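**Student:** Following this message is one structure expressed as structure tokens.
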Amino acid sequence: MNTKKFFAIGLLLALPSVVSGCFLTLGDLDKIFPVKIGPASISNIRVEPATLPGGVTQSVTVSFAYNHEDGDLGLKAKVIVKLSGATLIEQSLELNKTSDTVRVPVTISTPNTETNLSLEVIVAIGDQLSASLPATIHVVGNDDDRDGVSNRDDACPNQAGELANKGCPVPPANTPECIWFVDGWTPPIKQVRFVRVGRQVFAMVNEPDENIDTDTPDVVFAWVTVPHTGDLEIFRLTEIGGTSTGIFAGLGPLLVPALSTPVVQNDGSLNVWDGDTMLLFYGDVNNFSQQCMAQARAGLGWEIRSIWESEPDARSRPSGLNATE
């Protein structure tokens, strides 16, 4: 064996000890940096709200719970939400906890029909997880006026309104209060928000401008409508308490079940479903800026209750119109 070969063999035998003494091995790296991305899982997929009216574009929140080891790494997650094969949103998130609930806003346009929409939520956390979870949104039906309330639940399905008002519009803030649903006009008079089917509508108007004839009680007209059924009735209110009071009262149409007769406007009967909203209107023919509206519900066997939840300004109601809790 020549000198060169001997030196080469010796170098190979000595190299591990030289390296171990001078450099970090893979085992040393594992001891110093033991963090690894552990297994991950996702669960509890939810969509809120899970029920939407038809024919609207609305934001929903897709949420899910995740769990993975060593969450303090700030792992990146990709969330993809699909609806009927179309991608609605693709969003990157940073996960800084071992477990948490993630919420992703998604805008969805619903068809104008009752159906179930199937969502697919695809989540990838780091390189360790790629999962797909199903979710369902129930579309309850048509929303012709596109106010966020389905026709089935909308008291005014043909006129856009507000969710809090069951889809019905509300009068402008500066509209004076001058008309009420009442339980009659024998004191003490109560304003009501429920009227039983089988009874007639009682209405009262406070309108000093229409106190024209000081010798004979004056007359004004009001109309009541049920947007759900499309029925509308106009009726007369006569000045009460004298000939110069400016307070008018009248007996309106009879509430009848909507299924019992076809809807015919101005026939003396108001066709209603149980729980329908009735809108009572009065407009001053001499002053178009004064228009008043009141609301009440029609009910089968419901007790008449007072509408007053807080004491109104005494100037907004005629003397003798009592309010009870």
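By order of appearance in the structure tokens: chains A, B, ..., then residues from 1 within every chain, and ligands from 1 in the order shown.
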Using only C-alpha atoms, which protein or nucleic acid residues come within 7 Å of Thr107 (chain A)? Drop anything in the same chain fewer than 2 positions from it, and give the result as a list in words.
**Tutor:**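 Surrounding residues, per the criterion: Thr57, Gln58, Ser59, Val60, Pro105 and Ser109 of chain A.
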**Student:** Can you spit out the residues from that selection as a PDB file, in the first residue's frame, using C-alpha atoms?
**Tutor:**
```pdb
ATOM      1  CA  THR A  57     -78.134  38.824  -2.300  1.00  0.00           C
ATOM      2  CA  GLN A  58     -77.018  38.469   1.276  1.00  0.00           C
ATOM      3  CA  SER A  59     -73.876  37.864   3.302  1.00  0.00           C
ATOM      4  CA  VAL A  60     -73.663  34.666   5.339  1.00  0.00           C
ATOM      5  CA  PRO A 105     -68.015  35.937   5.310  1.00  0.00           C
ATOM      6  CA  SER A 109     -77.400  35.279  -4.280  1.00  0.00           C
TER       7      SER A 109
END
```
**Student:** Could you pull the residues within 9 Å of Ser92 (chain A), counting only C-alpha atoms, minus those fewer than 4 positions along the same chain, as an mmCIF file with N, CA and C atoms, in the first residue's frame?
**Tutor:**
```cif
data_model
loop_
_atom_site.group_PDB
_atom_site.id
_atom_site.type_symbol
_atom_site.label_atom_id
_atom_site.label_comp_id
_atom_site.auth_asym_id
_atom_site.auth_seq_id
_atom_site.Cartn_x
_atom_site.Cartn_y
_atom_site.Cartn_z
ATOM 1 N N LYS A 76 -50.397 28.913 7.602
ATOM 2 C CA LYS A 76 -51.290 29.484 6.615
ATOM 3 C C LYS A 76 -52.359 28.456 6.247
ATOM 4 N N ALA A 77 -53.575 28.920 6.172
ATOM 5 C CA ALA A 77 -54.677 28.064 5.748
ATOM 6 C C ALA A 77 -55.363 28.707 4.564
ATOM 7 N N LYS A 78 -55.838 27.902 3.662
ATOM 8 C CA LYS A 78 -56.590 28.384 2.516
ATOM 9 C C LYS A 78 -58.007 27.827 2.604
ATOM 10 N N VAL A 79 -58.983 28.726 2.540
ATOM 11 C CA VAL A 79 -60.389 28.341 2.615
ATOM 12 C C VAL A 79 -61.048 28.658 1.278
ATOM 13 N N ILE A 80 -61.658 27.663 0.688
ATOM 14 C CA ILE A 80 -62.364 27.830 -0.584
ATOM 15 C C ILE A 80 -63.802 27.395 -0.376
#
```
**Student:** A:Val149, A:Gly161, A:Lys97, A:Val47: which is nearest Leu117 (chain A), counting only C-alpha atoms?
**Tutor:** A:Val47
**Student:** A:Ser84, A:Ser99, A:Ser41, A:Ser150: which is nearest Val56 (chain A), counting only C-alpha atoms?
**Tutor:** A:Ser150
**Student:** Name all residues at most 10 Å from region 217-225 of chain A (count only C-alpha atoms; drop same-chain ones fewer than 5 positions away) and give them as a ChimeraX atom specification.
**Tutor:** /A:179,201,203-205,207,210-212,230-250,252-253,265-266,270-272,277-285,292-295
**Student:** DSSP on the backbone: which residues in region 72-242 of chain A end up as helix (DSSP H, G or I)? Give the answer as a PyMOL selection string.
**Tutor:** chain A and resi 72-73+163-165+208-210
**Student:** I need the strand (DSSP E or B) residues of region 47-257 of chain A per DSSP on the backbone, written as a ChimeraX atom specification.
**Tutor:** /A:47-48,51-52,57-68,75-83,86-95,99-109,115-125,129-139,179-182,189-192,194-196,200-206,219-226,231-239,247-257
**Student:** Could you tell me which of A:Val197, A:Cys178, A:Ala298, A:Ala124 comes closest to Glu90 (chain A) if we count only C-alpha atoms?
**Tutor:**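 Among A:Val197, A:Cys178, A:Ala298, A:Ala124, it is A:Ala124 that comes nearest to Glu90 (chain A).
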**Student:** Expressed in Å to a single decimal, how great is the separation between CA of Ser132 (chain A) and CA of Glu114 (chain A)?
**Tutor:**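 Going from CA of Ser132 (chain A) over to CA of Glu114 (chain A), I get 25.7 Å.
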